[in-house]
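J.: As input, take run-v6.pdb (PDB, C-alpha atoms):
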MODEL        1
ATOM      1  CA  MET I   1       0.000   0.000   0.000  1.00  0.00           C
ATOM      2  CA  TYR I   2       2.791   2.380   0.886  1.00  0.00           C
ATOM      3  CA  ALA I   3       4.363   1.904  -2.552  1.00  0.00           C
ATOM      4  CA  ALA I   4       1.125   3.117  -4.140  1.00  0.00           C
ATOM      5  CA  THR I   5       1.721   6.502  -2.530  1.00  0.00           C
ATOM      6  CA  ASN I   6       5.428   6.570  -3.466  1.00  0.00           C
ATOM      7  CA  HIS I   7       6.190   8.938  -6.355  1.00  0.00           C
ATOM      8  CA  ASN I   8       8.498   6.439  -8.037  1.00  0.00           C
ATOM      9  CA  SER I   9       6.522   3.955 -10.135  1.00  0.00           C
ATOM     10  CA  LYS I  10       9.638   1.774 -10.519  1.00  0.00           C
ATOM     11  CA  VAL I  11       9.524   0.907  -6.801  1.00  0.00           C
ATOM     12  CA  LEU I  12       5.967  -0.317  -7.250  1.00  0.00           C
ATOM     13  CA  ALA I  13       6.863  -2.246 -10.408  1.00  0.00           C
ATOM     14  CA  VAL I  14       9.652  -4.082  -8.571  1.00  0.00           C
ATOM     15  CA  LEU I  15       7.328  -5.045  -5.713  1.00  0.00           C
ATOM     16  CA  LEU I  16       4.665  -6.268  -8.144  1.00  0.00           C
ATOM     17  CA  SER I  17       7.172  -8.311 -10.119  1.00  0.00           C
ATOM     18  CA  ALA I  18       8.328  -9.873  -6.841  1.00  0.00           C
ATOM     19  CA  GLY I  19       4.794 -11.070  -6.156  1.00  0.00           C
ATOM     20  CA  ALA I  20       3.046  -8.272  -4.278  1.00  0.00           C
ATOM     21  CA  GLU I  21      -0.727  -8.717  -4.486  1.00  0.00           C
ATOM     22  CA  VAL I  22      -2.052  -5.940  -6.718  1.00  0.00           C
ATOM     23  CA  ASN I  23      -5.616  -6.229  -5.408  1.00  0.00           C
ATOM     24  CA  ALA I  24      -4.904  -6.557  -1.685  1.00  0.00           C
ATOM     25  CA  TRP I  25      -7.019  -4.574   0.782  1.00  0.00           C
ATOM     26  CA  ASP I  26      -5.693  -2.635   3.733  1.00  0.00           C
ATOM     27  CA  SER I  27      -7.271  -2.226   7.171  1.00  0.00           C
ATOM     28  CA  LYS I  28      -9.141   0.874   5.951  1.00  0.00           C
ATOM     29  CA  GLY I  29     -10.819  -1.109   3.175  1.00  0.00           C
ATOM     30  CA  MET I  30      -8.805   0.404   0.338  1.00  0.00           C
ATOM     31  CA  THR I  31      -6.643  -1.058  -2.423  1.00  0.00           C
ATOM     32  CA  ALA I  32      -3.339   0.257  -3.726  1.00  0.00           C
ATOM     33  CA  LEU I  33      -5.135   1.604  -6.813  1.00  0.00           C
ATOM     34  CA  MET I  34      -7.495   3.610  -4.623  1.00  0.00           C
ATOM     35  CA  TRP I  35      -4.575   5.070  -2.661  1.00  0.00           C
ATOM     36  CA  ALA I  36      -2.707   5.945  -5.867  1.00  0.00           C
ATOM     37  CA  ALA I  37      -5.808   7.605  -7.320  1.00  0.00           C
ATOM     38  CA  LEU I  38      -6.407   9.534  -4.118  1.00  0.00           C
ATOM     39  CA  SER I  39      -2.970  10.774  -3.177  1.00  0.00           C
ATOM     40  CA  ASN I  40      -0.181   9.988  -5.615  1.00  0.00           C
ATOM     41  CA  PRO I  41       0.995  12.975  -7.692  1.00  0.00           C
ATOM     42  CA  ASN I  42       2.654  10.661 -10.246  1.00  0.00           C
ATOM     43  CA  PRO I  43       0.119   9.322 -12.799  1.00  0.00           C
ATOM     44  CA  GLU I  44       2.573   6.553 -13.778  1.00  0.00           C
ATOM     45  CA  VAL I  45       1.837   4.798 -10.487  1.00  0.00           C
ATOM     46  CA  THR I  46      -1.836   4.482 -11.413  1.00  0.00           C
ATOM     47  CA  THR I  47      -0.896   3.231 -14.874  1.00  0.00           C
ATOM     48  CA  THR I  48       1.546   0.707 -13.398  1.00  0.00           C
ATOM     49  CA  LEU I  49      -1.170  -0.685 -11.132  1.00  0.00           C
ATOM     50  CA  LEU I  50      -3.703  -0.898 -13.966  1.00  0.00           C
ATOM     51  CA  ASN I  51      -1.178  -2.652 -16.219  1.00  0.00           C
ATOM     52  CA  ALA I  52      -0.508  -5.136 -13.403  1.00  0.00           C
ATOM     53  CA  GLY I  53      -4.197  -6.041 -13.260  1.00  0.00           C
ATOM     54  CA  ALA I  54      -5.516  -3.812 -10.490  1.00  0.00           C
ATOM     55  CA  ASP I  55      -9.302  -4.004 -10.286  1.00  0.00           C
ATOM     56  CA  ALA I  56     -10.645  -0.525 -11.089  1.00  0.00           C
ATOM     57  CA  ARG I  57     -14.158  -1.627 -10.108  1.00  0.00           C
ATOM     58  CA  ALA I  58     -13.299  -2.822  -6.600  1.00  0.00           C
ATOM     59  CA  LYS I  59     -15.260  -0.930  -3.945  1.00  0.00           C
ATOM     60  CA  SER I  60     -13.855   0.482  -0.733  1.00  0.00           C
ATOM     61  CA  LYS I  61     -15.606   0.200   2.623  1.00  0.00           C
ATOM     62  CA  ASP I  62     -17.154   3.564   1.719  1.00  0.00           C
ATOM     63  CA  GLY I  63     -18.587   2.122  -1.503  1.00  0.00           C
ATOM     64  CA  LYS I  64     -16.227   4.104  -3.744  1.00  0.00           C
ATOM     65  CA  ILE I  65     -14.090   2.873  -6.629  1.00  0.00           C
ATOM     66  CA  ALA I  66     -10.687   4.279  -7.609  1.00  0.00           C
ATOM     67  CA  ILE I  67     -12.087   6.748 -10.163  1.00  0.00           C
ATOM     68  CA  ASP I  68     -14.199   8.286  -7.375  1.00  0.00           C
ATOM     69  CA  TYR I  69     -11.002   9.028  -5.444  1.00  0.00           C
ATOM     70  CA  ALA I  70      -9.268  10.290  -8.595  1.00  0.00           C
ATOM     71  CA  GLN I  71     -11.909  13.019  -8.965  1.00  0.00           C
ATOM     72  CA  THR I  72     -10.180  14.964  -6.180  1.00  0.00           C
ATOM     73  CA  SER I  73      -6.635  14.504  -7.511  1.00  0.00           C
ATOM     74  CA  PRO I  74      -5.452  17.560  -9.463  1.00  0.00           C
ATOM     75  CA  ASN I  75      -2.306  15.686 -10.548  1.00  0.00           C
ATOM     76  CA  LEU I  76      -4.287  12.833 -12.081  1.00  0.00           C
ATOM     77  CA  LYS I  77      -7.214  14.587 -13.741  1.00  0.00           C
ATOM     78  CA  GLY I  78      -6.717  15.145 -17.460  1.00  0.00           C
ATOM     79  CA  THR I  79      -3.873  12.617 -17.759  1.00  0.00           C
ATOM     80  CA  ASP I  80      -3.732   9.429 -19.785  1.00  0.00           C
ATOM     81  CA  ALA I  81      -3.701   7.508 -16.501  1.00  0.00           C
ATOM     82  CA  TYR I  82      -6.994   9.167 -15.519  1.00  0.00           C
ATOM     83  CA  ARG I  83      -8.561   8.215 -18.854  1.00  0.00           C
ATOM     84  CA  GLN I  84      -7.321   4.626 -18.482  1.00  0.00           C
ATOM     85  CA  LEU I  85      -8.699   4.445 -14.948  1.00  0.00           C
ATOM     86  CA  LYS I  86     -12.050   5.820 -16.073  1.00  0.00           C
ATOM     87  CA  GLY I  87     -12.198   3.351 -18.960  1.00  0.00           C
ATOM     88  CA  ALA I  88     -11.298   0.413 -16.738  1.00  0.00           C
ATOM     89  CA  ALA I  89     -14.021   1.422 -14.284  1.00  0.00           C
ATOM     90  CA  GLN I  90     -16.621   1.373 -17.068  1.00  0.00           C
ATOM     91  CA  LEU I  91     -15.703  -2.033 -18.483  1.00  0.00           C
ATOM     92  CA  LYS I  92     -17.904  -5.088 -17.950  1.00  0.00           C
TER
ENDMDL
END
What is this file in structure tokens?
T.:
Amino acid sequence: MYAATNHNSKVLAVLLSAGAEVNAWDSKGMTALMWAALSNPNPEVTTTLLNAGADARAKSKDGKIAIDYAQTSPNLKGTDAYRQLKGAAQLK
């Protein structure tokens, strides 16, 4: 989870390649993708998680999905990562 808030997407990529669970939940009921969408200023982190298979439709304890958290992120809005996240949330 902490890596999802780290500005360096390479750190996250290394952890994922070593077997970190991309869709794990934390004690607050959030996934790494939700944390990245909420608070990471580097859009590449969101893209890295999506490319690793993060579930953009997973719901937090509050009933929100990652795109809901991304709405408040000025660093993510308008980026390719934001568009990918929005598209992944609409699939199915």
J.: Going by the chain IDs and residue numbers used in this file, which residues fall under the PyMOL selection byres ((chain I and resi 80-87) around 8)? Write them as an MDAnalysis selection string.
T.: chainID I and resid 43:44 46:47 50 56 66:67 70 76:79 88:91
J.: The PyMOL selection byres ((chain I and resi 25) around 12) on the file shown: which residues, as JSON, numbers by chain?
T.: {"I": [1, 20, 21, 22, 23, 24, 26, 27, 28, 29, 30, 31, 32, 33, 34, 35, 54, 55, 58, 59, 60, 61]}
J.: Got a sec: who's within 8 Å of Leu12 (chain I), counting all atoms listed in the file, leaving out chain neighbours fewer than 5 positions off, as a list in words?
T.: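 With the cut-off at 8 Å, the set is Ala3, Ala4, Asn6, Val45 and Thr48 of chain I.
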J.: If we draw a sphere of 7 Å around (5.7, 9.4, -7.4), which residues have at least one atom in it when counting all atoms listed in the file? Please report them as a PDB file with C-alpha atoms, keeping the file's coordinate frame.
T.:
ATOM      1  CA  THR I   5       1.721   6.502  -2.530  1.00  0.00           C
ATOM      2  CA  ASN I   6       5.428   6.570  -3.466  1.00  0.00           C
ATOM      3  CA  HIS I   7       6.190   8.938  -6.355  1.00  0.00           C
ATOM      4  CA  ASN I   8       8.498   6.439  -8.037  1.00  0.00           C
ATOM      5  CA  SER I   9       6.522   3.955 -10.135  1.00  0.00           C
ATOM      6  CA  ASN I  40      -0.181   9.988  -5.615  1.00  0.00           C
ATOM      7  CA  PRO I  41       0.995  12.975  -7.692  1.00  0.00           C
ATOM      8  CA  ASN I  42       2.654  10.661 -10.246  1.00  0.00           C
ATOM      9  CA  VAL I  45       1.837   4.798 -10.487  1.00  0.00           C
TER      10      VAL I  45
END
J.: What does the distance between CA of Thr72 (chain I) and CA of Val14 (chain I) come to in Å, to one decimal place?
T.: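 Calculated distance between CA of Thr72 (chain I) and CA of Val14 (chain I) is 27.6 Å.
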J.: Please enclose the listed atoms of region 39-55 of chain I in an axis-aligned box, pad each side by 4 Å, and write out the centre and the three edge lengths in Å, rounded to one decimal, as AutoDock Vina command-line options.
T.:
--center_x -3.3 --center_y 3.5 --center_z -9.7 --size_x 20.0 --size_y 27.0 --size_z 21.0
J.: Mind pulling up the distance from CA of Gly19 (chain I) to CA of Ser73 (chain I)?
T.: 28.0 Å
J.: Please report the interatomic distance between CA of Asn51 (chain I) and CA of Lys10 (chain I) in Å with one decimal.
T.: 13.0 Å
J.: Pick the closest to Leu16 (chain I) from I:Tyr2, I:Ala37, I:Leu49, I:Asp68: which is it, counting all atoms listed in the file?
T.: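 Among the listed residues, the smallest separation from Leu16 (chain I) belongs to I:Leu49.
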J.: Supply region 37-73 of chain I as an mmCIF file, in the coordinates of the input, with N, CA and C atoms built in where the input has gaps.
T.:
data_model
loop_
_atom_site.group_PDB
_atom_site.id
_atom_site.type_symbol
_atom_site.label_atom_id
_atom_site.label_comp_id
_atom_site.auth_asym_id
_atom_site.auth_seq_id
_atom_site.Cartn_x
_atom_site.Cartn_y
_atom_site.Cartn_z
ATOM 1 N N ALA I 37 -4.861 6.655 -6.729
ATOM 2 C CA ALA I 37 -5.808 7.605 -7.320
ATOM 3 C C ALA I 37 -6.090 8.771 -6.382
ATOM 4 N N LEU I 38 -6.099 8.507 -5.106
ATOM 5 C CA LEU I 38 -6.407 9.534 -4.118
ATOM 6 C C LEU I 38 -5.251 10.487 -3.856
ATOM 7 N N SER I 39 -4.031 9.931 -3.731
ATOM 8 C CA SER I 39 -2.970 10.774 -3.177
ATOM 9 C C SER I 39 -1.633 10.770 -3.901
ATOM 10 N N ASN I 40 -1.486 10.013 -4.966
ATOM 11 C CA ASN I 40 -0.181 9.988 -5.615
ATOM 12 C C ASN I 40 -0.106 11.036 -6.722
ATOM 13 N N PRO I 41 0.868 11.940 -6.667
ATOM 14 C CA PRO I 41 0.995 12.975 -7.692
ATOM 15 C C PRO I 41 1.572 12.469 -9.011
ATOM 16 N N ASN I 42 2.053 11.213 -9.029
ATOM 17 C CA ASN I 42 2.654 10.661 -10.246
ATOM 18 C C ASN I 42 1.655 9.733 -10.944
ATOM 19 N N PRO I 43 1.092 10.151 -12.082
ATOM 20 C CA PRO I 43 0.119 9.322 -12.799
ATOM 21 C C PRO I 43 0.660 7.961 -13.227
ATOM 22 N N GLU I 44 1.979 7.835 -13.368
ATOM 23 C CA GLU I 44 2.573 6.553 -13.778
ATOM 24 C C GLU I 44 2.303 5.446 -12.760
ATOM 25 N N VAL I 45 2.123 5.801 -11.513
ATOM 26 C CA VAL I 45 1.837 4.798 -10.487
ATOM 27 C C VAL I 45 0.471 4.174 -10.753
ATOM 28 N N THR I 46 -0.501 4.990 -11.085
ATOM 29 C CA THR I 46 -1.836 4.482 -11.413
ATOM 30 C C THR I 46 -1.769 3.594 -12.643
ATOM 31 N N THR I 47 -1.040 4.022 -13.657
ATOM 32 C CA THR I 47 -0.896 3.231 -14.874
ATOM 33 C C THR I 47 -0.202 1.903 -14.585
ATOM 34 N N THR I 48 0.826 1.926 -13.765
ATOM 35 C CA THR I 48 1.546 0.707 -13.398
ATOM 36 C C THR I 48 0.603 -0.286 -12.722
ATOM 37 N N LEU I 49 -0.225 0.191 -11.810
ATOM 38 C CA LEU I 49 -1.170 -0.685 -11.132
ATOM 39 C C LEU I 49 -2.209 -1.255 -12.092
ATOM 40 N N LEU I 50 -2.727 -0.416 -12.982
ATOM 41 C CA LEU I 50 -3.703 -0.898 -13.966
ATOM 42 C C LEU I 50 -3.084 -1.946 -14.879
ATOM 43 N N ASN I 51 -1.865 -1.694 -15.338
ATOM 44 C CA ASN I 51 -1.178 -2.652 -16.219
ATOM 45 C C ASN I 51 -0.877 -3.966 -15.512
ATOM 46 N N ALA I 52 -0.777 -3.924 -14.182
ATOM 47 C CA ALA I 52 -0.508 -5.136 -13.403
ATOM 48 C C ALA I 52 -1.791 -5.885 -13.051
ATOM 49 N N GLY I 53 -2.932 -5.349 -13.484
ATOM 50 C CA GLY I 53 -4.197 -6.041 -13.260
ATOM 51 C C GLY I 53 -5.016 -5.554 -12.083
ATOM 52 N N ALA I 54 -4.723 -4.346 -11.597
ATOM 53 C CA ALA I 54 -5.516 -3.812 -10.490
ATOM 54 C C ALA I 54 -6.982 -3.682 -10.915
ATOM 55 N N ASP I 55 -7.872 -4.034 -10.022
ATOM 56 C CA ASP I 55 -9.302 -4.004 -10.286
ATOM 57 C C ASP I 55 -9.848 -2.595 -10.070
ATOM 58 N N ALA I 56 -10.151 -1.903 -11.163
ATOM 59 C CA ALA I 56 -10.645 -0.525 -11.089
ATOM 60 C C ALA I 56 -12.090 -0.456 -10.611
ATOM 61 N N ARG I 57 -12.762 -1.604 -10.541
ATOM 62 C CA ARG I 57 -14.158 -1.627 -10.108
ATOM 63 C C ARG I 57 -14.331 -2.100 -8.662
ATOM 64 N N ALA I 58 -13.226 -2.414 -8.007
ATOM 65 C CA ALA I 58 -13.299 -2.822 -6.600
ATOM 66 C C ALA I 58 -13.819 -1.656 -5.770
ATOM 67 N N LYS I 59 -14.665 -1.970 -4.788
ATOM 68 C CA LYS I 59 -15.260 -0.930 -3.945
ATOM 69 C C LYS I 59 -14.619 -0.909 -2.565
ATOM 70 N N SER I 60 -14.397 0.294 -2.079
ATOM 71 C CA SER I 60 -13.855 0.482 -0.733
ATOM 72 C C SER I 60 -14.963 0.253 0.294
ATOM 73 N N LYS I 61 -14.606 0.311 1.561
ATOM 74 C CA LYS I 61 -15.606 0.200 2.623
ATOM 75 C C LYS I 61 -16.645 1.312 2.512
ATOM 76 N N ASP I 62 -16.247 2.426 1.892
ATOM 77 C CA ASP I 62 -17.154 3.564 1.719
ATOM 78 C C ASP I 62 -17.993 3.441 0.449
ATOM 79 N N GLY I 63 -17.816 2.337 -0.286
ATOM 80 C CA GLY I 63 -18.587 2.122 -1.503
ATOM 81 C C GLY I 63 -18.055 2.861 -2.722
ATOM 82 N N LYS I 64 -16.824 3.360 -2.636
ATOM 83 C CA LYS I 64 -16.227 4.104 -3.744
ATOM 84 C C LYS I 64 -15.281 3.208 -4.522
ATOM 85 N N ILE I 65 -15.103 3.525 -5.810
ATOM 86 C CA ILE I 65 -14.090 2.873 -6.629
ATOM 87 C C ILE I 65 -12.981 3.883 -6.885
ATOM 88 N N ALA I 66 -11.875 3.421 -7.454
ATOM 89 C CA ALA I 66 -10.687 4.279 -7.609
ATOM 90 C C ALA I 66 -10.978 5.577 -8.357
ATOM 91 N N ILE I 67 -11.807 5.521 -9.405
ATOM 92 C CA ILE I 67 -12.087 6.748 -10.163
ATOM 93 C C ILE I 67 -12.787 7.788 -9.282
ATOM 94 N N ASP I 68 -13.561 7.338 -8.296
ATOM 95 C CA ASP I 68 -14.199 8.286 -7.375
ATOM 96 C C ASP I 68 -13.141 9.052 -6.587
ATOM 97 N N TYR I 69 -12.087 8.361 -6.168
ATOM 98 C CA TYR I 69 -11.002 9.028 -5.444
ATOM 99 C C TYR I 69 -10.187 9.927 -6.377
ATOM 100 N N ALA I 70 -10.044 9.518 -7.624
ATOM 101 C CA ALA I 70 -9.268 10.290 -8.595
ATOM 102 C C ALA I 70 -9.908 11.641 -8.903
ATOM 103 N N GLN I 71 -11.199 11.763 -8.698
ATOM 104 C CA GLN I 71 -11.909 13.019 -8.965
ATOM 105 C C GLN I 71 -11.319 14.187 -8.182
ATOM 106 N N THR I 72 -10.728 13.900 -7.034
ATOM 107 C CA THR I 72 -10.180 14.964 -6.180
ATOM 108 C C THR I 72 -8.677 15.163 -6.375
ATOM 109 N N SER I 73 -8.083 14.433 -7.314
ATOM 110 C CA SER I 73 -6.635 14.504 -7.511
ATOM 111 C C SER I 73 -6.281 15.432 -8.673
#
